[in-house]
>>> print(open('upload_22.cif').read())   # mmCIF, C-alpha atoms and all ligand atoms
data_start
#
loop_
_atom_site.group_PDB
_atom_site.id
_atom_site.type_symbol
_atom_site.label_atom_id
_atom_site.label_comp_id
_atom_site.auth_asym_id
_atom_site.auth_seq_id
_atom_site.Cartn_x
_atom_site.Cartn_y
_atom_site.Cartn_z
ATOM 1 C CA MET A 1197 -10.089 -1.965 -14.262
ATOM 2 C CA LEU A 1198 -12.766 -0.116 -12.292
ATOM 3 C CA ARG A 1199 -12.018 -0.464 -8.576
ATOM 4 C CA LEU A 1200 -14.614 -0.554 -5.811
ATOM 5 C CA HIS A 1201 -13.663 1.433 -2.730
ATOM 6 C CA VAL A 1202 -15.958 0.976 0.238
ATOM 7 C CA ASN A 1203 -16.749 3.853 2.552
ATOM 8 C CA VAL A 1204 -16.942 2.598 6.159
ATOM 9 C CA ASP A 1205 -18.272 5.810 7.791
ATOM 10 C CA HIS A 1206 -21.718 4.284 8.059
ATOM 11 C CA VAL A 1207 -20.475 1.478 10.278
ATOM 12 C CA ALA A 1208 -19.082 4.124 12.621
ATOM 13 C CA THR A 1209 -22.403 6.008 12.470
ATOM 14 C CA LEU A 1210 -24.122 2.919 13.870
ATOM 15 C CA ARG A 1211 -21.531 2.586 16.633
ATOM 16 C CA GLN A 1212 -21.776 6.294 17.535
ATOM 17 C CA ALA A 1213 -25.536 5.938 17.959
ATOM 18 C CA ARG A 1214 -24.702 4.279 21.297
ATOM 19 C CA ARG A 1215 -21.143 5.600 21.822
ATOM 20 C CA VAL A 1216 -19.908 2.061 22.436
ATOM 21 C CA SER A 1217 -17.105 0.051 20.817
ATOM 22 C CA PHE A 1218 -19.135 -1.908 18.248
ATOM 23 C CA PRO A 1219 -19.707 -2.357 15.392
ATOM 24 C CA ASP A 1220 -16.066 -1.625 14.647
ATOM 25 C CA PRO A 1221 -15.503 0.099 11.270
ATOM 26 C CA VAL A 1222 -11.948 -1.273 11.178
ATOM 27 C CA GLU A 1223 -13.006 -4.910 11.557
ATOM 28 C CA TRP A 1224 -15.755 -4.249 9.046
ATOM 29 C CA ALA A 1225 -13.235 -2.760 6.585
ATOM 30 C CA LEU A 1226 -11.058 -5.868 6.882
ATOM 31 C CA ARG A 1227 -14.085 -8.060 6.187
ATOM 32 C CA ALA A 1228 -14.895 -5.893 3.157
ATOM 33 C CA GLU A 1229 -11.321 -6.268 1.895
ATOM 34 C CA SER A 1230 -11.524 -10.048 2.291
ATOM 35 C CA ALA A 1231 -14.783 -9.964 0.345
ATOM 36 C CA GLY A 1232 -13.163 -8.111 -2.571
ATOM 37 C CA ALA A 1233 -13.160 -4.368 -1.803
ATOM 38 C CA GLN A 1234 -10.188 -2.849 -3.595
ATOM 39 C CA GLY A 1235 -9.910 0.133 -1.297
ATOM 40 C CA ILE A 1236 -11.329 1.532 1.932
ATOM 41 C CA THR A 1237 -12.560 5.098 2.283
ATOM 42 C CA CYS A 1238 -13.370 7.068 5.415
ATOM 43 C CA HIS A 1239 -14.237 10.672 6.147
ATOM 44 C CA LEU A 1240 -12.992 12.176 9.387
ATOM 45 C CA ARG A 1241 -15.371 15.076 9.828
ATOM 46 C CA LYS A 1242 -14.617 18.061 12.013
ATOM 47 C CA ASP A 1243 -17.645 17.221 14.186
ATOM 48 C CA ARG A 1244 -16.439 13.569 14.520
ATOM 49 C CA ARG A 1245 -19.976 12.361 13.967
ATOM 50 C CA HIS A 1246 -18.847 8.927 12.734
ATOM 51 C CA ILE A 1247 -15.159 8.119 12.183
ATOM 52 C CA GLN A 1248 -12.962 9.061 15.177
ATOM 53 C CA ASP A 1249 -9.254 9.926 15.161
ATOM 54 C CA ALA A 1250 -8.411 6.523 16.671
ATOM 55 C CA ASP A 1251 -10.339 4.761 13.864
ATOM 56 C CA LEU A 1252 -8.201 6.528 11.292
ATOM 57 C CA ALA A 1253 -4.981 5.422 12.984
ATOM 58 C CA ARG A 1254 -6.212 1.827 13.245
ATOM 59 C CA LEU A 1255 -7.437 1.823 9.654
ATOM 60 C CA ARG A 1256 -4.013 3.037 8.553
ATOM 61 C CA SER A 1257 -2.226 0.263 10.363
ATOM 62 C CA ARG A 1258 -4.580 -2.531 9.247
ATOM 63 C CA VAL A 1259 -5.949 -1.731 5.787
ATOM 64 C CA ARG A 1260 -3.948 -3.669 3.212
ATOM 65 C CA THR A 1261 -5.534 -2.434 -0.011
ATOM 66 C CA LEU A 1262 -5.596 1.335 -0.289
ATOM 67 C CA LEU A 1263 -6.755 3.788 2.357
ATOM 68 C CA ASN A 1264 -8.509 6.853 1.006
ATOM 69 C CA LEU A 1265 -9.229 9.691 3.450
ATOM 70 C CA GLU A 1266 -11.905 12.247 2.648
ATOM 71 C CA CYS A 1267 -11.040 15.562 4.194
ATOM 72 C CA SER A 1268 -12.187 19.166 4.108
ATOM 73 C CA LEU A 1269 -9.934 22.180 3.525
ATOM 74 C CA ASP A 1270 -10.127 23.077 7.225
ATOM 75 C CA GLU A 1271 -6.594 23.467 8.596
ATOM 76 C CA GLU A 1272 -7.133 21.120 11.567
ATOM 77 C CA MET A 1273 -8.351 18.375 9.208
ATOM 78 C CA VAL A 1274 -5.548 18.991 6.716
ATOM 79 C CA ALA A 1275 -2.957 18.647 9.496
ATOM 80 C CA ILE A 1276 -4.518 15.308 10.500
ATOM 81 C CA ALA A 1277 -4.578 14.177 6.874
ATOM 82 C CA LEU A 1278 -0.909 15.084 6.445
ATOM 83 C CA ALA A 1279 0.023 12.975 9.468
ATOM 84 C CA SER A 1280 -2.347 10.104 8.671
ATOM 85 C CA GLY A 1281 -0.248 8.091 6.245
ATOM 86 C CA ALA A 1282 -3.317 7.533 4.043
ATOM 87 C CA ASP A 1283 -2.558 6.460 0.480
ATOM 88 C CA ALA A 1284 -5.057 8.822 -1.109
ATOM 89 C CA PHE A 1285 -6.990 11.930 -0.152
ATOM 90 C CA CYS A 1286 -10.260 13.235 -1.476
ATOM 91 C CA LEU A 1287 -10.882 16.902 -0.749
ATOM 92 C CA VAL A 1288 -14.540 17.533 0.007
ATOM 93 C CA PRO A 1289 -16.666 20.469 1.140
ATOM 94 C CA GLU A 1290 -18.022 20.138 4.663
ATOM 95 C CA ASN A 1291 -21.013 21.808 6.189
ATOM 96 C CA ARG A 1292 -21.935 21.094 9.799
ATOM 97 C CA ALA A 1293 -25.691 21.034 9.211
ATOM 98 C CA GLU A 1294 -25.650 18.577 6.314
ATOM 99 C CA ILE A 1295 -26.710 14.929 6.717
ATOM 100 C CA THR A 1296 -24.067 13.897 4.191
ATOM 101 C CA THR A 1297 -21.810 15.703 1.703
ATOM 102 C CA GLU A 1298 -24.257 17.741 -0.335
ATOM 103 C CA GLY A 1299 -22.338 18.882 -3.357
ATOM 104 C CA GLY A 1300 -18.946 19.205 -4.903
ATOM 105 C CA LEU A 1301 -16.088 21.407 -3.830
ATOM 106 C CA ASP A 1302 -16.103 24.892 -5.383
ATOM 107 C CA VAL A 1303 -12.625 24.560 -6.873
ATOM 108 C CA ARG A 1304 -13.047 27.796 -8.859
ATOM 109 C CA ARG A 1305 -13.707 29.894 -5.770
ATOM 110 C CA GLU A 1306 -11.220 28.052 -3.554
ATOM 111 C CA ALA A 1307 -8.519 27.711 -6.233
ATOM 112 C CA ALA A 1308 -5.591 28.962 -4.148
ATOM 113 C CA ARG A 1309 -6.495 26.929 -1.049
ATOM 114 C CA VAL A 1310 -7.177 23.795 -3.085
ATOM 115 C CA ARG A 1311 -3.853 24.096 -4.875
ATOM 116 C CA GLY A 1312 -1.973 24.680 -1.620
ATOM 117 C CA VAL A 1313 -3.571 21.731 0.215
ATOM 118 C CA SER A 1314 -3.190 19.425 -2.827
ATOM 119 C CA GLU A 1315 0.500 20.245 -3.074
ATOM 120 C CA ARG A 1316 1.087 19.579 0.634
ATOM 121 C CA LEU A 1317 -0.739 16.225 0.505
ATOM 122 C CA ALA A 1318 1.023 15.218 -2.715
ATOM 123 C CA ALA A 1319 4.369 16.054 -1.104
ATOM 124 C CA ARG A 1320 3.542 13.329 1.468
ATOM 125 C CA GLY A 1321 3.119 10.883 -1.411
ATOM 126 C CA GLY A 1322 -0.705 10.888 -1.381
ATOM 127 C CA LEU A 1323 -2.853 10.686 -4.488
ATOM 128 C CA VAL A 1324 -5.150 13.705 -4.362
ATOM 129 C CA SER A 1325 -8.623 13.874 -5.813
ATOM 130 C CA LEU A 1326 -11.152 16.699 -5.741
ATOM 131 C CA PHE A 1327 -14.802 15.861 -5.186
ATOM 132 C CA ILE A 1328 -16.630 18.028 -7.711
ATOM 133 C CA ASP A 1329 -19.921 18.353 -9.514
ATOM 134 C CA ALA A 1330 -20.073 17.321 -13.165
ATOM 135 C CA ASP A 1331 -19.476 20.874 -14.314
ATOM 136 C CA ARG A 1332 -16.995 22.000 -16.975
ATOM 137 C CA GLU A 1333 -15.862 25.090 -15.076
ATOM 138 C CA GLN A 1334 -15.112 23.043 -11.960
ATOM 139 C CA ILE A 1335 -13.288 20.450 -14.048
ATOM 140 C CA ALA A 1336 -11.195 23.129 -15.739
ATOM 141 C CA ALA A 1337 -10.339 24.599 -12.330
ATOM 142 C CA ALA A 1338 -9.476 21.115 -11.038
ATOM 143 C CA ALA A 1339 -7.138 20.577 -13.993
ATOM 144 C CA ASP A 1340 -5.416 23.883 -13.170
ATOM 145 C CA SER A 1341 -5.064 22.910 -9.491
ATOM 146 C CA GLY A 1342 -2.451 20.251 -10.125
ATOM 147 C CA ALA A 1343 -4.486 17.471 -8.437
ATOM 148 C CA PRO A 1344 -4.276 14.299 -10.552
ATOM 149 C CA PHE A 1345 -7.829 13.034 -9.880
ATOM 150 C CA VAL A 1346 -11.372 14.275 -9.670
ATOM 151 C CA GLU A 1347 -14.199 12.329 -8.056
ATOM 152 C CA LEU A 1348 -17.426 13.175 -9.868
ATOM 153 C CA HIS A 1349 -20.348 13.701 -7.516
ATOM 154 C CA THR A 1350 -23.042 11.215 -8.547
ATOM 155 C CA GLY A 1351 -25.612 12.381 -5.971
ATOM 156 C CA CYS A 1352 -27.752 14.362 -8.456
ATOM 157 C CA TYR A 1353 -27.869 11.341 -10.769
ATOM 158 C CA ALA A 1354 -28.781 9.055 -7.862
ATOM 159 C CA ASN A 1355 -31.567 11.346 -6.638
ATOM 160 C CA ALA A 1356 -33.081 11.979 -10.075
ATOM 161 C CA ARG A 1357 -35.754 9.820 -11.696
ATOM 162 C CA GLY A 1358 -36.806 9.050 -15.282
ATOM 163 C CA GLU A 1359 -35.678 11.530 -17.922
ATOM 164 C CA ALA A 1360 -33.993 13.703 -15.335
ATOM 165 C CA ARG A 1361 -31.800 10.764 -14.363
ATOM 166 C CA ALA A 1362 -30.931 10.126 -18.025
ATOM 167 C CA ARG A 1363 -29.880 13.784 -18.305
ATOM 168 C CA GLU A 1364 -27.763 13.527 -15.160
ATOM 169 C CA LEU A 1365 -26.109 10.392 -16.519
ATOM 170 C CA GLU A 1366 -25.281 12.208 -19.741
ATOM 171 C CA ARG A 1367 -23.771 15.061 -17.693
ATOM 172 C CA LEU A 1368 -21.581 12.545 -15.888
ATOM 173 C CA ARG A 1369 -20.481 10.931 -19.162
ATOM 174 C CA GLU A 1370 -19.610 14.290 -20.703
ATOM 175 C CA ALA A 1371 -17.843 15.428 -17.554
ATOM 176 C CA ALA A 1372 -15.751 12.252 -17.408
ATOM 177 C CA ALA A 1373 -14.719 12.645 -21.053
ATOM 178 C CA PHE A 1374 -13.964 16.359 -20.591
ATOM 179 C CA ALA A 1375 -11.901 15.686 -17.461
ATOM 180 C CA ARG A 1376 -9.896 12.944 -19.145
ATOM 181 C CA ALA A 1377 -9.280 15.203 -22.150
ATOM 182 C CA ARG A 1378 -7.881 17.764 -19.678
ATOM 183 C CA GLY A 1379 -5.469 15.153 -18.331
ATOM 184 C CA LEU A 1380 -7.375 14.304 -15.158
ATOM 185 C CA ARG A 1381 -7.990 10.793 -13.868
ATOM 186 C CA VAL A 1382 -11.617 10.223 -12.929
ATOM 187 C CA ASN A 1383 -13.380 8.536 -10.001
ATOM 188 C CA ALA A 1384 -17.047 8.787 -9.034
ATOM 189 C CA GLY A 1385 -19.262 8.342 -6.030
ATOM 190 C CA HIS A 1386 -22.097 9.347 -3.716
ATOM 191 C CA GLY A 1387 -25.579 7.893 -3.543
ATOM 192 C CA LEU A 1388 -24.719 4.884 -5.702
ATOM 193 C CA ASP A 1389 -26.633 1.694 -4.923
ATOM 194 C CA TYR A 1390 -27.314 -1.752 -6.369
ATOM 195 C CA GLU A 1391 -29.992 -0.438 -8.710
ATOM 196 C CA ASN A 1392 -28.330 2.715 -10.071
ATOM 197 C CA VAL A 1393 -24.646 1.733 -10.157
ATOM 198 C CA GLY A 1394 -24.656 0.018 -13.582
ATOM 199 C CA PRO A 1395 -24.865 3.019 -15.939
ATOM 200 C CA VAL A 1396 -22.198 4.876 -13.920
ATOM 201 C CA ALA A 1397 -19.902 1.845 -13.831
ATOM 202 C CA ALA A 1398 -20.211 1.676 -17.619
ATOM 203 C CA ILE A 1399 -18.803 5.200 -18.120
ATOM 204 C CA GLU A 1400 -15.573 4.928 -20.069
ATOM 205 C CA GLY A 1401 -12.328 5.644 -18.311
ATOM 206 C CA LEU A 1402 -13.591 5.672 -14.714
ATOM 207 C CA GLU A 1403 -10.985 4.267 -12.316
ATOM 208 C CA GLU A 1404 -12.746 4.013 -8.958
ATOM 209 C CA LEU A 1405 -16.207 4.065 -7.436
ATOM 210 C CA ASN A 1406 -16.628 5.120 -3.805
ATOM 211 C CA ILE A 1407 -19.716 3.505 -2.348
ATOM 212 C CA GLY A 1408 -20.696 3.384 1.301
ATOM 213 C CA PHE A 1409 -24.266 3.609 2.477
ATOM 214 C CA ALA A 1410 -25.861 1.099 0.097
ATOM 215 C CA ILE A 1411 -23.257 -1.584 0.815
ATOM 216 C CA VAL A 1412 -23.251 -1.134 4.595
ATOM 217 C CA ALA A 1413 -27.071 -1.048 4.695
ATOM 218 C CA HIS A 1414 -27.308 -4.204 2.580
ATOM 219 C CA ALA A 1415 -24.666 -5.916 4.714
ATOM 220 C CA VAL A 1416 -26.840 -5.388 7.791
ATOM 221 C CA VAL A 1417 -29.386 -7.677 6.125
ATOM 222 C CA VAL A 1418 -27.326 -10.142 4.067
ATOM 223 C CA GLY A 1419 -23.842 -9.940 5.599
ATOM 224 C CA VAL A 1420 -20.625 -8.321 4.382
ATOM 225 C CA ASP A 1421 -19.574 -11.078 1.978
ATOM 226 C CA ARG A 1422 -22.823 -11.120 0.054
ATOM 227 C CA ALA A 1423 -23.192 -7.328 0.052
ATOM 228 C CA LEU A 1424 -19.721 -6.980 -1.505
ATOM 229 C CA ALA A 1425 -20.217 -9.873 -3.929
ATOM 230 C CA GLU A 1426 -23.473 -8.403 -5.217
ATOM 231 C CA MET A 1427 -21.985 -4.931 -5.734
ATOM 232 C CA LEU A 1428 -18.875 -6.323 -7.458
ATOM 233 C CA ALA A 1429 -21.147 -8.384 -9.726
ATOM 234 C CA ALA A 1430 -23.296 -5.346 -10.578
ATOM 235 C CA ILE A 1431 -20.162 -3.400 -11.544
ATOM 236 C CA ALA A 1432 -18.717 -6.311 -13.542
ATOM 237 C CA ARG A 1433 -22.013 -6.748 -15.448
ATOM 238 C CA ALA A 1434 -21.968 -3.078 -16.419
ATOM 239 C CA ARG A 1435 -18.383 -3.359 -17.684
ATOM 240 C CA THR A 1436 -19.090 -6.458 -19.800
ATOM 241 C CA PRO A 1437 -19.466 -5.399 -23.435
HETATM 242 N N1 LIG A 1501 -17.668 10.042 -2.165
HETATM 243 C C1 LIG A 1501 -17.647 11.097 -1.316
HETATM 244 C C2 LIG A 1501 -16.723 12.223 -1.611
HETATM 245 C C3 LIG A 1501 -18.464 11.118 -0.169
HETATM 246 O O1 LIG A 1501 -18.430 12.178 0.664
HETATM 247 C C4 LIG A 1501 -19.271 10.003 0.099
HETATM 248 C C5 LIG A 1501 -20.112 9.988 1.343
HETATM 249 O O2 LIG A 1501 -19.305 9.962 2.470
HETATM 250 C C6 LIG A 1501 -19.254 8.928 -0.805
HETATM 251 C C7 LIG A 1501 -18.470 8.991 -1.947
HETATM 252 C C8 LIG A 1501 -20.091 7.711 -0.589
HETATM 253 O O3 LIG A 1501 -21.442 8.042 -0.623
HETATM 254 P P1 LIG A 1501 -22.539 6.967 -0.197
HETATM 255 O O4 LIG A 1501 -22.347 6.670 1.238
HETATM 256 O O5 LIG A 1501 -23.822 7.640 -0.518
HETATM 257 O O6 LIG A 1501 -22.294 5.732 -1.046
#
>>> encode(input="upload_22.cif", output="structure tokens", more="lines below")
Ligand code: PXP
Amino acid sequence: MLRLHVNVDHVATLRQARRVSFPDPVEWALRAESAGAQGITCHLRKDRRHIQDADLARLRSRVRTLLNLECSLDEEMVAIALASGADAFCLVPENRAEITTEGGLDVRREAARVRGVSERLAARGGLVSLFIDADREQIAAAADSGAPFVELHTGCYANARGEARARELERLREAAAFARARGLRVNAGHGLDYENVGPVAAIEGLEELNIGFAIVAHAVVVGVDRALAEMLAAIARARTP
């Protein structure tokens, strides 16, 4: 079954716009779980622009599905991840100037660090995934790293239009098949929305989609229950033969 994990960073972004206590990403995550989310994802960034350390602790104590923490290779963030009790970890690149994560981790260049951090997180019982571009060399390096999962970066697909999007989709399909053939389990995410999620959800062997912005933005208009229901339905439609 393809699981939907909802990224709640964007709820915290709204709260941080005023530095007040609402909207609360933890309460929002619980509402998303009740509405059918099969996991909750958050990204504690070094600049703390959205999720705060206290949010992570509260998410850990209240999330009942699966808590996935996105984290960079920075030693401060790794130490927090190790102590967080999250169920899963997604290692991501982080660049202070970016609006959102811009590309995949360079697992080839960072091979030793990635392996070391993956091993330490796995020793705490966490499922580790590496957020990478749909690129054979990165997939091969990920397979060598010992991490069990990759999360394929779908941002290029989401940003492309027409034939370029079809090409990006084909890259994702090939990358998923190549990764699975190398023994990796495969997730995907970034930039997915109600209109573009179907073809990605239909890719064989995918286990989890991480979607944040589109669901939170839609929930502002239609409410959490309907935003989740519509995304779950879009995924289910794509998986129906
Ligand atoms: N996966 C990863 C690794 C991400 O960094 C993000 C963005 O935080 C997402 C998925 C979700 O992206 P979006 O908010 O565009 O759905």
>>> axis_aligned_box(input="upload_22.cif", around="stretch 1353-1371 of chain A", padding_each_side="4 Å", output="lines of an AutoDock Vina configuration file")
center_x = -27.3
center_y = 12.2
center_z = -13.7
size_x = 27.0
size_y = 14.4
size_z = 22.1
>>> residues_near_ligand(input="upload_22.cif", ligand="ligand LIG 1501 (chain A)", cutoff="8 Å", atoms="only C-alpha atoms and all ligand atoms", output="ChimeraX atom specification")
/A:1202-1203,1205-1206,1238-1239,1266,1286-1288,1296-1297,1327,1347,1349,1351,1384-1389,1405-1411
>>> residues_around(input="upload_22.cif", residues="A:Phe1345", least_positions_apart="4", cutoff="6 Å", atoms="all atoms listed in the file", output="PDB file with C-alpha atoms, in the frame of the given file")
ATOM      1  CA  SER A1325      -8.623  13.874  -5.813  1.00  0.00           C
ATOM      2  CA  LEU A1380      -7.375  14.304 -15.158  1.00  0.00           C
ATOM      3  CA  ARG A1381      -7.990  10.793 -13.868  1.00  0.00           C
ATOM      4  CA  VAL A1382     -11.617  10.223 -12.929  1.00  0.00           C
TER       5      VAL A1382
END
>>> atom_distance(input="upload_22.cif", atom1="atom CA of A:Glu1370", atom2="atom CA of A:Leu1348")
11.1 Å
>>> resolve_selection(input="upload_22.cif", expression="the PyMOL selection byres (((chain A and resi 1251-1254) around 12) and not hetatm)", output="PyMOL selection string")
chain A and resi 1204-1205+1207-1208+1211+1217-1226+1236-1241+1244+1246-1250+1255-1260+1263-1267+1276-1277+1279-1282
>>> build_atoms(input="upload_22.cif", residues="stretch 1294-1312 of chain A", atoms="N, CA and C atoms", output="JSON list (two decimals), keeping the file's coordinate frame")
[["chain", "number", "residue", "atom", "x", "y", "z"],
["A", 1294, "GLU", "N", -25.22, 19.55, 7.33],
["A", 1294, "GLU", "CA", -25.65, 18.58, 6.31],
["A", 1294, "GLU", "C", -25.72, 17.15, 6.88],
["A", 1295, "ILE", "N", -26.61, 16.33, 6.31],
["A", 1295, "ILE", "CA", -26.71, 14.93, 6.72],
["A", 1295, "ILE", "C", -25.54, 14.16, 6.11],
["A", 1296, "THR", "N", -25.23, 14.47, 4.86],
["A", 1296, "THR", "CA", -24.07, 13.90, 4.19],
["A", 1296, "THR", "C", -23.53, 14.97, 3.24],
["A", 1297, "THR", "N", -22.39, 14.71, 2.61],
["A", 1297, "THR", "CA", -21.81, 15.70, 1.70],
["A", 1297, "THR", "C", -22.85, 16.06, 0.63],
["A", 1298, "GLU", "N", -23.12, 17.35, 0.49],
["A", 1298, "GLU", "CA", -24.26, 17.74, -0.34],
["A", 1298, "GLU", "C", -23.91, 18.11, -1.77],
["A", 1299, "GLY", "N", -22.69, 18.47, -2.00],
["A", 1299, "GLY", "CA", -22.34, 18.88, -3.36],
["A", 1299, "GLY", "C", -20.84, 18.87, -3.49],
["A", 1300, "GLY", "N", -20.38, 19.24, -4.67],
["A", 1300, "GLY", "CA", -18.95, 19.20, -4.90],
["A", 1300, "GLY", "C", -18.24, 20.42, -4.32],
["A", 1301, "LEU", "N", -16.94, 20.31, -4.28],
["A", 1301, "LEU", "CA", -16.09, 21.41, -3.83],
["A", 1301, "LEU", "C", -16.15, 22.53, -4.86],
["A", 1302, "ASP", "N", -16.15, 23.78, -4.42],
["A", 1302, "ASP", "CA", -16.10, 24.89, -5.38],
["A", 1302, "ASP", "C", -14.63, 25.20, -5.66],
["A", 1303, "VAL", "N", -14.07, 24.45, -6.60],
["A", 1303, "VAL", "CA", -12.62, 24.56, -6.87],
["A", 1303, "VAL", "C", -12.31, 25.92, -7.51],
["A", 1304, "ARG", "N", -13.28, 26.48, -8.23],
["A", 1304, "ARG", "CA", -13.05, 27.80, -8.86],
["A", 1304, "ARG", "C", -12.84, 28.85, -7.78],
["A", 1305, "ARG", "N", -13.77, 28.86, -6.81],
["A", 1305, "ARG", "CA", -13.71, 29.89, -5.77],
["A", 1305, "ARG", "C", -12.55, 29.68, -4.81],
["A", 1306, "GLU", "N", -12.24, 28.39, -4.57],
["A", 1306, "GLU", "CA", -11.22, 28.05, -3.55],
["A", 1306, "GLU", "C", -9.88, 27.71, -4.21],
["A", 1307, "ALA", "N", -9.66, 28.19, -5.43],
["A", 1307, "ALA", "CA", -8.52, 27.71, -6.23],
["A", 1307, "ALA", "C", -7.20, 27.74, -5.47],
["A", 1308, "ALA", "N", -6.91, 28.84, -4.80],
["A", 1308, "ALA", "CA", -5.59, 28.96, -4.15],
["A", 1308, "ALA", "C", -5.47, 27.97, -2.99],
["A", 1309, "ARG", "N", -6.54, 27.87, -2.19],
["A", 1309, "ARG", "CA", -6.50, 26.93, -1.05],
["A", 1309, "ARG", "C", -6.40, 25.49, -1.53],
["A", 1310, "VAL", "N", -7.18, 25.17, -2.57],
["A", 1310, "VAL", "CA", -7.18, 23.80, -3.08],
["A", 1310, "VAL", "C", -5.79, 23.45, -3.60],
["A", 1311, "ARG", "N", -5.20, 24.36, -4.34],
["A", 1311, "ARG", "CA", -3.85, 24.10, -4.88],
["A", 1311, "ARG", "C", -2.85, 23.89, -3.74],
["A", 1312, "GLY", "N", -2.92, 24.76, -2.74],
["A", 1312, "GLY", "CA", -1.97, 24.68, -1.62],
["A", 1312, "GLY", "C", -2.11, 23.35, -0.87]]
